[in-house]
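**Student:** Structure file final_1.cif, mmCIF, C-alpha atoms and all ligand atoms, is pasted below:
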```cif
data_start
loop_
_atom_site.label_atom_id
_atom_site.label_comp_id
_atom_site.auth_asym_id
_atom_site.auth_seq_id
_atom_site.Cartn_x
_atom_site.Cartn_y
_atom_site.Cartn_z
CA MET A 11 -9.52 3.26 -23.59
CA SER A 12 -8.31 3.58 -27.16
CA LYS A 13 -7.34 0.24 -28.72
CA SER A 14 -3.84 1.50 -29.46
CA ILE A 15 -2.92 1.97 -25.76
CA ILE A 16 -1.47 -1.02 -23.93
CA PRO A 17 -2.09 -0.60 -20.18
CA TRP A 18 1.28 -0.38 -18.46
CA ILE A 19 0.30 -3.07 -16.01
CA ALA A 20 0.08 -5.58 -18.87
CA THR A 21 3.52 -4.92 -20.32
CA ASP A 22 6.05 -7.74 -20.19
CA ARG A 23 8.43 -5.77 -17.97
CA VAL A 24 5.86 -5.21 -15.23
CA THR A 25 4.24 -8.63 -15.37
CA SER A 26 7.51 -10.57 -15.44
CA LEU A 27 8.98 -8.61 -12.51
CA LEU A 28 5.80 -9.09 -10.44
CA LYS A 29 6.00 -12.85 -11.09
CA GLU A 30 9.65 -12.86 -9.95
CA LEU A 31 8.84 -10.87 -6.80
CA TYR A 32 5.93 -13.16 -5.86
CA ALA A 33 8.17 -16.22 -6.38
CA ASP A 34 10.87 -14.68 -4.15
CA ALA A 35 8.25 -13.79 -1.51
CA ALA A 36 7.00 -17.39 -1.49
CA ILE A 37 10.49 -18.45 -0.31
CA LYS A 38 11.41 -15.55 2.00
CA ASP A 39 8.15 -14.73 3.78
CA PRO A 40 7.66 -18.12 5.51
CA LEU A 41 11.28 -18.01 6.81
CA ALA A 42 10.81 -14.48 8.18
CA ARG A 43 7.45 -15.40 9.71
CA ALA A 44 9.09 -18.34 11.49
CA SER A 45 11.81 -16.10 12.96
CA ALA A 46 9.25 -13.49 14.05
CA SER A 47 6.91 -16.01 15.63
CA GLY A 48 5.82 -14.91 19.09
CA ILE A 49 6.31 -11.19 18.35
CA LYS A 50 3.01 -9.39 17.87
CA PRO A 51 2.86 -6.32 15.58
CA THR A 52 1.09 -4.31 18.28
CA GLY A 53 1.98 -1.62 20.84
CA ASP A 54 5.69 -1.19 21.64
CA ASP A 55 6.54 -4.33 19.65
CA ILE A 56 5.53 -2.81 16.27
CA PRO A 57 9.10 -1.73 15.29
CA VAL A 58 10.55 -4.98 16.71
CA PHE A 59 8.12 -7.04 14.63
CA PHE A 60 8.85 -5.19 11.39
CA LYS A 61 12.60 -5.36 12.03
CA SER A 62 12.33 -9.13 12.34
CA MET A 63 10.30 -9.13 9.09
CA ARG A 64 12.81 -7.00 7.14
CA LYS A 65 13.42 -9.79 4.61
CA ALA A 66 9.69 -10.44 4.13
CA TYR A 67 7.57 -8.89 1.38
CA MET A 68 4.15 -9.21 3.08
CA ALA A 69 2.89 -8.05 -0.31
CA VAL A 70 -0.64 -7.57 -1.57
CA GLY A 71 -1.86 -10.50 -3.66
CA TRP A 72 -2.44 -10.26 -7.42
CA GLU A 73 -6.20 -9.81 -7.06
CA PHE A 74 -5.94 -6.94 -4.61
CA GLY A 75 -3.04 -5.43 -6.55
CA LYS A 76 -5.21 -5.34 -9.67
CA LEU A 77 -8.03 -3.79 -7.67
CA LEU A 78 -5.66 -1.05 -6.43
CA TYR A 79 -4.72 -0.40 -10.04
CA SER A 80 -8.40 -0.25 -11.06
CA LEU A 81 -9.37 2.07 -8.19
CA ALA A 82 -6.61 4.49 -9.11
CA ARG A 83 -7.72 4.40 -12.75
CA THR A 84 -11.45 4.85 -12.07
CA THR A 85 -10.84 7.80 -9.72
CA HIS A 86 -8.38 9.33 -12.25
CA ALA A 87 -5.96 9.61 -9.32
CA LYS A 88 -3.04 11.97 -9.77
CA THR A 89 -1.80 11.99 -6.18
CA ILE A 90 -1.60 8.74 -4.22
CA VAL A 91 -0.12 8.07 -0.78
CA GLU A 92 0.96 4.60 0.32
CA PHE A 93 1.61 3.63 3.96
CA GLY A 94 3.99 0.62 3.88
CA THR A 95 6.25 0.23 0.81
CA SER A 96 8.11 -2.96 1.74
CA PHE A 97 9.74 -4.17 -1.53
CA GLY A 98 7.30 -2.23 -3.71
CA VAL A 99 4.83 -4.82 -5.03
CA SER A 100 1.74 -2.67 -4.35
CA THR A 101 3.82 0.36 -5.39
CA ILE A 102 4.19 -1.19 -8.84
CA PHE A 103 0.40 -1.61 -9.26
CA LEU A 104 -0.25 1.98 -8.10
CA ALA A 105 2.55 3.57 -10.12
CA ALA A 106 1.33 1.68 -13.20
CA ALA A 107 -2.09 3.29 -12.71
CA LEU A 108 -0.55 6.76 -12.49
CA ARG A 109 1.38 6.10 -15.67
CA ASP A 110 -1.83 4.98 -17.41
CA ASN A 111 -3.72 7.99 -15.99
CA GLY A 112 -1.23 10.21 -17.82
CA GLY A 113 0.98 11.14 -14.86
CA GLY A 114 0.97 12.05 -11.19
CA LYS A 115 2.88 11.17 -8.04
CA LEU A 116 2.80 8.28 -5.60
CA ILE A 117 4.32 9.07 -2.19
CA THR A 118 5.25 5.84 -0.45
CA THR A 119 6.77 5.45 2.99
CA GLU A 120 8.74 2.68 4.68
CA TYR A 121 10.49 2.31 8.06
CA ASP A 122 13.35 0.24 6.68
CA ALA A 123 15.89 2.05 4.46
CA GLU A 124 17.17 -1.16 2.82
CA LYS A 125 13.64 -2.24 1.88
CA SER A 126 12.95 1.18 0.43
CA GLU A 127 16.17 1.02 -1.65
CA GLN A 128 15.22 -2.40 -3.01
CA ALA A 129 11.72 -1.11 -3.79
CA ARG A 130 13.32 1.77 -5.71
CA ARG A 131 15.39 -0.74 -7.73
CA ASN A 132 12.27 -2.80 -8.43
CA LEU A 133 10.36 0.25 -9.66
CA ALA A 134 13.36 1.25 -11.80
CA ALA A 135 13.33 -2.22 -13.37
CA THR A 136 9.72 -1.69 -14.46
CA GLY A 137 10.35 1.82 -15.80
CA LEU A 138 7.85 3.21 -13.27
CA GLU A 139 10.30 4.89 -10.86
CA GLU A 140 9.62 8.40 -12.12
CA TRP A 141 6.09 8.35 -10.70
CA VAL A 142 7.24 7.49 -7.17
CA ASP A 143 8.54 9.59 -4.25
CA PHE A 144 10.17 7.11 -1.82
CA ARG A 145 10.27 8.26 1.81
CA VAL A 146 12.04 6.50 4.66
CA GLY A 147 10.91 6.73 8.27
CA ASP A 148 7.82 6.49 10.40
CA ALA A 149 4.83 7.41 8.21
CA ARG A 150 3.44 9.60 10.99
CA GLU A 151 6.44 11.89 10.41
CA SER A 152 7.39 11.29 6.79
CA LEU A 153 3.87 12.06 5.54
CA THR A 154 3.35 15.35 7.38
CA ASP A 155 4.33 17.37 4.30
CA SER A 156 2.00 15.54 1.90
CA PRO A 157 0.42 17.42 -1.04
CA ASP A 158 -2.67 19.58 -0.41
CA GLN A 159 -4.97 17.18 -2.28
CA ILE A 160 -4.79 13.39 -2.07
CA ASP A 161 -6.92 11.36 -4.49
CA MET A 162 -6.11 7.93 -3.06
CA LEU A 163 -4.61 6.51 0.12
CA PHE A 164 -3.43 2.92 0.46
CA LEU A 165 -3.00 1.71 4.05
CA ASP A 166 -0.68 -1.30 4.45
CA GLY A 167 1.77 -0.51 7.29
CA ALA A 168 1.36 -1.34 10.99
CA LYS A 169 -2.34 -2.05 11.51
CA GLU A 170 -2.73 -0.11 14.78
CA LEU A 171 -1.46 3.02 13.02
CA TYR A 172 -4.03 3.07 10.18
CA ILE A 173 -6.28 5.36 12.21
CA GLU A 174 -3.46 7.85 12.92
CA VAL A 175 -2.29 7.94 9.32
CA LEU A 176 -5.88 8.34 8.09
CA LYS A 177 -6.54 11.26 10.44
CA LEU A 178 -3.21 12.88 9.54
CA LEU A 179 -4.15 12.93 5.84
CA GLU A 180 -7.93 13.35 6.11
CA PRO A 181 -7.91 17.16 5.67
CA ARG A 182 -6.32 16.61 2.24
CA PHE A 183 -9.00 14.31 0.83
CA ARG A 184 -11.47 15.60 -1.76
CA SER A 185 -14.99 14.39 -2.31
CA GLY A 186 -14.46 11.06 -4.11
CA SER A 187 -11.00 10.31 -2.72
CA VAL A 188 -10.61 6.59 -2.15
CA ILE A 189 -9.02 4.89 0.83
CA ALA A 190 -8.03 1.25 0.33
CA SER A 191 -6.97 -0.69 3.43
CA ASP A 192 -5.36 -4.13 3.52
CA ASN A 193 -5.49 -6.89 6.16
CA THR A 194 -8.58 -5.59 7.90
CA ASP A 195 -9.02 -8.93 9.68
CA HIS A 196 -5.73 -8.48 11.60
CA ASP A 197 -5.44 -7.51 15.27
CA GLY A 198 -5.43 -3.80 16.05
CA MET A 199 -7.95 -2.71 13.41
CA GLU A 200 -10.96 -2.15 15.68
CA SER A 201 -10.77 1.63 16.17
CA PHE A 202 -9.92 2.23 12.51
CA LEU A 203 -12.86 0.15 11.25
CA ALA A 204 -15.30 1.68 13.74
CA TYR A 205 -14.26 5.14 12.54
CA ILE A 206 -14.24 4.61 8.79
CA GLN A 207 -17.44 2.53 8.75
CA ASN A 208 -19.40 5.28 10.53
CA PRO A 209 -20.96 7.46 7.78
CA ALA A 210 -21.01 10.40 10.22
CA ASN A 211 -17.23 10.54 9.80
CA GLY A 212 -17.54 11.26 6.08
CA TYR A 213 -16.97 7.91 4.37
CA ILE A 214 -19.00 5.31 2.52
CA SER A 215 -17.12 2.14 3.32
CA SER A 216 -17.35 -1.48 2.19
CA ALA A 217 -15.64 -4.57 3.57
CA ILE A 218 -14.49 -6.88 0.78
CA LEU A 219 -12.66 -10.18 0.34
CA THR A 220 -10.38 -11.15 -2.52
CA SER A 221 -9.88 -14.77 -3.44
CA GLY A 222 -7.08 -17.28 -3.22
CA GLU A 223 -4.41 -15.60 -1.15
CA ARG A 224 -3.16 -14.61 2.30
CA GLY A 225 -4.50 -11.47 3.92
CA LYS A 226 -7.62 -11.35 1.78
CA ALA A 227 -9.83 -9.01 3.89
CA HIS A 228 -9.85 -5.36 2.85
CA GLU A 229 -11.87 -2.17 3.24
CA ILE A 230 -12.65 0.19 0.37
CA SER A 231 -13.85 3.62 1.49
CA ILE A 232 -14.89 6.69 -0.45
CA ARG A 233 -14.78 10.21 0.99
CA HIS A 234 -18.08 11.97 0.44
C1 LIG A 301 2.55 -5.37 4.78
S1 LIG A 301 4.09 -4.63 4.41
C2 LIG A 301 3.73 -3.63 2.98
C3 LIG A 301 3.59 -4.45 1.72
C4 LIG A 301 3.53 -3.61 0.48
N1 LIG A 301 2.45 -2.64 0.56
C5 LIG A 301 3.32 -4.50 -0.72
O1 LIG A 301 2.16 -4.85 -1.02
O2 LIG A 301 4.31 -4.88 -1.35
C6 LIG A 301 4.17 -3.40 5.67
C7 LIG A 301 5.43 -2.53 5.60
O3 LIG A 301 5.16 -1.35 6.33
C8 LIG A 301 6.32 -0.96 7.03
N2 LIG A 301 5.85 -0.15 8.15
C9 LIG A 301 5.16 -0.56 9.23
N3 LIG A 301 4.85 0.47 10.03
C10 LIG A 301 5.38 1.58 9.46
C11 LIG A 301 5.43 2.95 9.83
N4 LIG A 301 4.89 3.40 10.98
N5 LIG A 301 6.00 3.82 8.97
C12 LIG A 301 6.58 3.38 7.83
N6 LIG A 301 6.59 2.08 7.43
C13 LIG A 301 6.00 1.19 8.25
C14 LIG A 301 6.98 -2.27 7.42
O4 LIG A 301 8.38 -2.12 7.63
C15 LIG A 301 6.65 -3.17 6.24
O5 LIG A 301 7.71 -3.24 5.30
#
```
Could you spell out this file's structure in structure tokens?
Ligand SMILES: C[S@@+](CC[C@H](N)C(=O)[O-])C[C@H]1O[C@@H](n2cnc3c(N)ncnc32)[C@H](O)[C@@H]1O

**Tutor:**
Amino acid sequence: MSKSIIPWIATDRVTSLLKELYADAAIKDPLARASASGIKPTGDDIPVFFKSMRKAYMAVGWEFGKLLYSLARTTHAKTIVEFGTSFGVSTIFLAAALRDNGGGKLITTEYDAEKSEQARRNLAATGLEEWVDFRVGDARESLTDSPDQIDMLFLDGAKELYIEVLKLLEPRFRSGSVIASDNTDHDGMESFLAYIQNPANGYISSAILTSGERGKAHEISIRH
């Protein structure tokens, strides 16, 4: 990178808002988790669980957020799809990468309309809103009209649905598209991991851990 370019991720506006959002999450997430205790995010309870977590961020940590940014930069991604917007923390990292790549579009999808609206306000506060197409509804429906080519997919919605969302978008991947998946140590991931870790299905996939935060198990997969 030329010395004269300041990566968008490092600007005061982005960094200060991310710090505010993480501070807010540190207060709200434990309260939401307490009220949702006993409800499992599996099977018919998936919408019930996420409704009870509508005040919770459940956001990627800093380390994984930076990795998402770096993956989008190294693959020169122009079209990114995100499953699970919540309040837009990961959306900020990904949109910042598009901005620094010189443009593109991030399609992000969220069940909860109020969360999506707040995410839109958060992206507007960073100046990154123009790179994002916010969609509300079940990802299995709201992503059916995705662009013909997808350079990067970030999976962070209901864990049991990763496999369905992956297969929905798979025909649109190119050689070198990257699929980043969060919380791969949660319940409901078995069929997804078995599929993406089998090279016969067209991916080279690595399980990774990031340090110092909740939900630190992830999978990084490249379409070959
Ligand atoms: C773990 S949070 C996403 C966190 C966000 N990626 C971040 O790092 O800030 C998961 C979000 O996915 C949403 N979600 C779960 N299943 C969904 C589905 N089938 N379609 C759309 N959104 C879904 C939930 O409402 C919740 O807000």

**Student:** Please produce, as a Markdown table, a per-residue contact table for chain A versus ligand LIG 301 (chain A) (criterion: any atom at most 7 Å away, all atoms listed in the file considered), showing the nearest atom pair and its distance in Å to one decimal, sorted by chain then residue number.

**Tutor:**
```
| residue | atom | partner | partner_atom | distance |
| --- | --- | --- | --- | --- |
| A:Phe60 | CA | A:LIG301 | O4 | 4.9 |
| A:Lys61 | CA | A:LIG301 | O4 | 6.9 |
| A:Arg64 | CA | A:LIG301 | O5 | 6.6 |
| A:Tyr67 | CA | A:LIG301 | O2 | 5.8 |
| A:Met68 | CA | A:LIG301 | C1 | 4.5 |
| A:Ala69 | CA | A:LIG301 | O1 | 3.4 |
| A:Val70 | CA | A:LIG301 | O1 | 3.9 |
| A:Phe93 | CA | A:LIG301 | N6 | 6.3 |
| A:Gly94 | CA | A:LIG301 | O3 | 3.4 |
| A:Thr95 | CA | A:LIG301 | C4 | 4.7 |
| A:Ser96 | CA | A:LIG301 | O5 | 3.6 |
| A:Phe97 | CA | A:LIG301 | O2 | 5.5 |
| A:Gly98 | CA | A:LIG301 | O2 | 4.6 |
| A:Val99 | CA | A:LIG301 | O2 | 3.7 |
| A:Ser100 | CA | A:LIG301 | O1 | 4.0 |
| A:Thr101 | CA | A:LIG301 | O2 | 6.6 |
| A:Thr119 | CA | A:LIG301 | C12 | 5.3 |
| A:Glu120 | CA | A:LIG301 | N6 | 3.5 |
| A:Tyr121 | CA | A:LIG301 | N6 | 4.0 |
| A:Asp122 | CA | A:LIG301 | O4 | 5.6 |
| A:Lys125 | CA | A:LIG301 | O5 | 6.9 |
| A:Gly147 | CA | A:LIG301 | C12 | 5.5 |
| A:Asp148 | CA | A:LIG301 | N5 | 3.5 |
| A:Ala149 | CA | A:LIG301 | N5 | 3.9 |
| A:Arg150 | CA | A:LIG301 | N4 | 6.4 |
| A:Asp166 | CA | A:LIG301 | N1 | 5.2 |
| A:Gly167 | CA | A:LIG301 | O3 | 3.6 |
| A:Ala168 | CA | A:LIG301 | N3 | 4.0 |
| A:Leu171 | CA | A:LIG301 | N4 | 6.7 |
```

**Student:** Please, what distance in Å, to one decimal, runs between atom CA of A:Gln128 and atom CA of A:Met162?

**Tutor:** 23.7 Å

**Student:** In Å, how far is it from atom CA of A:Ile173 to atom CA of A:Phe202?

**Tutor:**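 Here the two named atoms are 4.8 Å from each other.
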
**Student:** Kindly give the distance, in Å, that separates atom CA of A:Gly113 and atom CA of A:Phe164, rounded to a single decimal.

**Tutor:**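 Here the two named atoms are 17.9 Å from each other.
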
**Student:** A:Pro51, A:Pro17, A:Gly114, A:Gly71: which is nearest A:Gly222, counting all atoms listed in the file?

**Tutor:**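 Looking only at the distances to A:Gly222, the closest residue turns out to be A:Gly71.
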
**Student:** Could you list, as JSON, numbers by chain, every residue within 12 Å of A:Ala36, counting all atoms listed in the file and ignoring same-chain residues fewer than 3 positions away?

**Tutor:** {"A": [29, 30, 31, 32, 33, 39, 40, 41, 42, 43, 65, 66, 67, 68, 69, 71, 223, 224]}

**Student:** When you count all atoms listed in the file, which of these residues is closest to A:Asp55: A:Asp110, A:Phe183, A:Glu170, A:Val91?

**Tutor:** A:Glu170

**Student:** Nearest to A:Leu203 among A:Ser187, A:Ala135, A:Glu229, A:Lys177, with distances taken over all atoms listed in the file: which residue is it?

**Tutor:**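 Looking only at the distances to A:Leu203, the closest residue turns out to be A:Glu229.
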
**Student:** Which of these residues is nearest to A:Arg130, using all atoms listed in the file: A:Ile102, A:Lys115, A:Gly198, A:Arg184?

**Tutor:**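 Among the listed residues, A:Ile102 lies closest to A:Arg130.
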
**Student:** Calculated over only C-alpha atoms, which of the candidates A:Leu219, A:Arg23, A:Lys38, A:Ala46 has the smallest distance to A:Asp195?

**Tutor:**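 Among the listed residues, the smallest separation from A:Asp195 belongs to A:Leu219.
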
**Student:** Mind working out the centre and edge lengths of an axis-aligned box for stretch 30-36 of chain A, all listed atoms inside, 5 Å added to each side, rounded to one decimal in Å and written as JSON?

**Tutor:**
```
{"center_x": 8.4, "center_y": -14.1, "center_z": -5.7, "size_x": 14.9, "size_y": 16.5, "size_z": 18.5}
```

**Student:** Looking at A:Asn132, A:Thr84, A:Ile232, A:Tyr172, which one is nearest to A:Ala204, with distances taken over all atoms listed in the file?

**Tutor:**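 So, comparing all the options, the nearest one is A:Tyr172.
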
**Student:** Quick one: residues within 12 Å of A:Ala20, only C-alpha atoms, excluding same-chain residues fewer than 6 positions away - as a ChimeraX atom specification?

**Tutor:** /A:26-28,76,79,102-103,106-107,110,136

**Student:** Please provide as a PyMOL selection string all residues within 12 Å of A:Glu180, with the sequence filter that same-chain residues fewer than 4 positions apart are discarded (counting only C-alpha atoms).

**Tutor:** chain A and resi 91+153-154+156-163+172-176+184-185+187-189+206+211-213+232-234

**Student:** Would you pick out the contacts of A:Glu139 at 8 Å or less, using only C-alpha atoms, so that residues sharing its chain but fewer than 4 positions from it are not included, and give the list as a ChimeraX atom specification?

**Tutor:** /A:105,130,133-134
